[in-house]
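Notes to accompany the following structure.
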Amino acid sequence: MPNRKKKAVSISEIGEFGLIEHLARKVKLRNASSLKGIGDDAAVVSYGGKTIVLTTDLLIEGIHFNLVYAPLKHLGYKAAVVNLSDIYAMNAIPKQITVSIAISGKFSLNAVELFYEGINLACDRYNVDLIGGDTSSSITGLMVSITALGEAEKDQIVYRSNARKDDLICVSGDLGAAYMGLQLLEREKKIFEEDPGIQPDLSGNEYILGRQLKPEAREDIITWFREKKVKPTAMIDISDGLSSDLLHLCSASGVGCRIYQEKIPVDRATAAMAEEFRMDPLVPALNGGEDYELLFTVSLSHHEILTGNPQIHVIGHITDAGDGRNLITREGNAVELVAQGWNPLREEESV
Ligand code: ADP
Ligand code: MG
């Protein structure tokens with residue numbers, strides 16, 4: 001008898017996004033109120049004229065954060081903010097969150113309180129209500145799952161999928177700082193572990209450390225869009241790195257892109273730390289992740305308005321899909337963009 005057993009495909013072969021795509025193929029939407037399911041920064045549902053967007057994220061100790069250097073208050077703040085960022089990425093306004101935690105015996109009441117101080121601070125800062133959650137125990141470490149809900153007029157929602165040829169590609173803020181902050185924290189942790197007599201030297205690196213430990217979501221950009229009556233054609237927040245997230249946007253829109261190395265915004269502190277690590281600053285900017293900046297496309301006619309906002313940088317334009325997805329280097333060479341964003345499933349062993 002031939003062996004009919006299906007060969008097990010390891011998840012590491014297909015990666016996180018391959019897995020999501022694979023699962024999504026078997027999912028169909030049944031309700032007219034489900035406007036958008038899997039495949040964007042947030043799902044979109046509509047009830048009697050009101051459109052609601054919702055997104056959820058799961059953070060696991062040892063995978064997404066390390067309590068050796070991430071203070072619990074910062075962690076609570078960040079856990080909330082990364083969800084709010086996905087709501088803004090739909091051009092919507094976050095209104096509520098739910099917070100679920102699983103904690104092991106090593107956590108004291110004080111530790112959990114600190115975590116919630118961070119959550120409450122984010123709720124204050126972004127005018128969001130904490131409306132529920134769930135609490136459980138875990139065998140090891142801390143797990144956090146946050147769901148955020150937001151609202152927008154139906155015609156104001158911006159998907160990843162509507163970028164068109166010649167649209168301008170823009171990013172807010174600067175890129176790569178959170179990744180360099182993480183590299184610094186990892187380096188100092190290693191030094192400390194090898195010789196506890198040596199105290200971590202983090203002084204003078206407040207910017208990149210802040211970007212890693214206490215990121216902000218770009219509410220200001222969404223407010224500015226409203227004030228200026230600018231509606232991007234497509235948008236995504238940069239959580240996995242510019243390359244990876246721009247490729248998501250291009251795939252969802254069925255287009256190509258051309259971005260220019262010299263236009264990619266990198267803060268001086270990020271570039272200096274990259275140099276200390278003998279790294280080209282382009283690497284954290286393209287592949288670092290956790291920037292929580294907005295990557296969006298707008299029609300060419302908005303060019304002049306955009307130049308009025310110093311927080312927005314035009315880094316390239318959308319092309320036909322057939323022209324590929326390219327980065328033009330300072331020397332003028334075209335290099336194909338590849339997704340090297342953070343992928344938790346890439347190197348795991350299959351089970
Ligand atoms: P983001 O980085 O913006 O949070 P993700 O890459 O996590 O987005 O998710 C991309 C899309 O896949 C989203 O629509 C999300 O809801 C969906 N998704 C992710 N994991 C799962 C899953 N296990 N089951 C169903 N949908 C999922
Ligand atoms: Mg996102």
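In the structure tokens, each chain is lettered A, B, ... as it comes, each chain's residues begin at 1, and ligands are numbered from 1 in order of appearance.
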Within-9 Å residues of ligand 1, basis only C-alpha atoms and all ligand atoms, as a ChimeraX atom specification: /A:16-17,19-21,23-24,27,36-43,54-58,82-83,85-86,89,236-240,245
Those of stretch 202-243 of chain A in DSSP helix (DSSP H, G or I), formatted as number ranges by chain: A: 206-213, 219-228, 242-243
Residues from the last selection, C-alpha atoms, saved as a compact mmCIF listing (two decimals), in the first residue's frame:
```
# COMPACT_ATOMS: atom_id res chain seq x y z
CA GLU A 206 16.91 57.96 25.51
CA TYR A 207 15.41 58.40 22.06
CA ILE A 208 15.99 54.88 20.73
CA LEU A 209 15.18 53.31 24.11
CA GLY A 210 11.94 55.26 24.33
CA ARG A 211 11.00 54.16 20.83
CA GLN A 212 11.49 50.51 21.84
CA LEU A 213 10.04 50.57 25.34
CA GLU A 219 -2.96 59.82 16.27
CA ASP A 220 -1.58 63.21 15.17
CA ILE A 221 -1.31 62.11 11.54
CA ILE A 222 -4.90 60.83 11.46
CA THR A 223 -6.12 64.12 12.98
CA TRP A 224 -4.10 66.03 10.40
CA PHE A 225 -5.67 63.98 7.56
CA ARG A 226 -9.08 65.01 8.84
CA GLU A 227 -8.18 68.67 9.18
CA LYS A 228 -6.67 68.83 5.71
CA LEU A 242 9.16 49.07 6.12
CA SER A 243 10.07 46.34 3.57
```
Selection: 10 Å around A:Arg125, only C-alpha atoms, excl. self and same-chain fewer than 4 positions, as a list in words: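 Neighbouring residues, sequence-local ones excluded: Tyr77, Val81, Ile119, Asn120, Leu121 and Glu216 of chain A.
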Near-stretch 94-104 of chain A list (9 Å; only C-alpha atoms; drop same-chain fewer than 2 positions) as a VMD selection string: chain A and resid 53 to 54 80 83 to 85 87 to 88 92 106 to 107 112 119 123 126 to 151
8 Å contact set for A:Tyr179, only C-alpha atoms, chain neighbours under 5 positions out, as a list in words: Ile208, Gln212, Pro284, Gly288, Gly289, Glu290 and Asp291 of chain A
Two-atom distance - atom CA of A:Thr307, atom CA of A:Leu294 (Å):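 So the answer is 16.1 Å.
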d(atom CA of A:Pro196, atom CA of A:Asn66) in Å: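 That distance, rounded to one decimal, is 17.8 Å.
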Near-A:Met235 list (9 Å; only C-alpha atoms; drop same-chain fewer than 4 positions) as a VMD selection string: chain A and resid 41 89 to 91 158 to 163 249 294 to 297
Secondary structure check, strand (DSSP E or B) residues of stretch 152-251 of chain A, as a list of chain:residue names: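 The residues of stretch 152-251 of chain A classed as strand (DSSP E or B) are A:Ala152, A:Leu168, A:Ile169, A:Cys170, A:Val171, A:Ser172, A:Ala234, A:Met235, A:Ile236, A:Asp237, A:Ile238.
Separating atom CA of A:Gly76 from atom CA of A:Glu113 is a distance of 9.8 Å.
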Among the residues A:Asn333, A:Ile191, A:Ile259, A:Gln183, the one that comes closest to A:Met279 [using only C-alpha atoms]: A:Gln183
Counting only C-alpha atoms and all ligand atoms, the option among A:Arg30, A:Lys214, A:His248, A:Lys190 closest to ligand 2: A:His248
So that I can see what lies close to stretch 302-304 of chain A, please list as a compact mmCIF listing (two decimals) with N, CA, C and O atoms, in the first residue's frame the residues with an atom at most 9 Å from it, counting only C-alpha atoms and leaving out residues fewer than 2 positions away in the same chain.
```
# COMPACT_ATOMS: atom_id res chain seq x y z
N LEU A 168 1.76 58.60 -4.34
CA LEU A 168 2.99 58.83 -3.57
C LEU A 168 3.01 57.89 -2.38
O LEU A 168 1.98 57.65 -1.75
N VAL A 230 -7.47 65.13 3.73
CA VAL A 230 -6.66 64.19 2.94
C VAL A 230 -7.12 62.79 3.31
O VAL A 230 -7.22 62.45 4.49
N VAL A 298 -0.90 58.27 -1.18
CA VAL A 298 -1.87 59.32 -1.48
C VAL A 298 -1.77 59.66 -2.96
O VAL A 298 -0.73 59.44 -3.59
N SER A 299 -2.84 60.23 -3.48
CA SER A 299 -2.80 60.59 -4.88
C SER A 299 -1.81 61.75 -5.06
O SER A 299 -1.62 62.57 -4.17
N LEU A 300 -1.20 61.76 -6.22
CA LEU A 300 -0.16 62.74 -6.56
C LEU A 300 -0.62 64.18 -6.33
O LEU A 300 0.17 65.05 -5.95
N LEU A 306 1.09 67.74 1.52
CA LEU A 306 1.96 66.87 2.32
C LEU A 306 3.25 67.56 2.73
O LEU A 306 3.75 67.36 3.83
N THR A 307 3.78 68.38 1.84
CA THR A 307 5.05 69.04 2.15
C THR A 307 4.89 70.01 3.33
O THR A 307 5.87 70.39 3.96
N GLY A 308 3.64 70.36 3.67
CA GLY A 308 3.38 71.25 4.81
C GLY A 308 3.47 70.55 6.15
O GLY A 308 3.39 71.20 7.18
N VAL A 314 7.76 61.81 1.92
CA VAL A 314 7.45 61.08 0.68
C VAL A 314 8.70 60.27 0.34
O VAL A 314 9.78 60.82 0.19
```
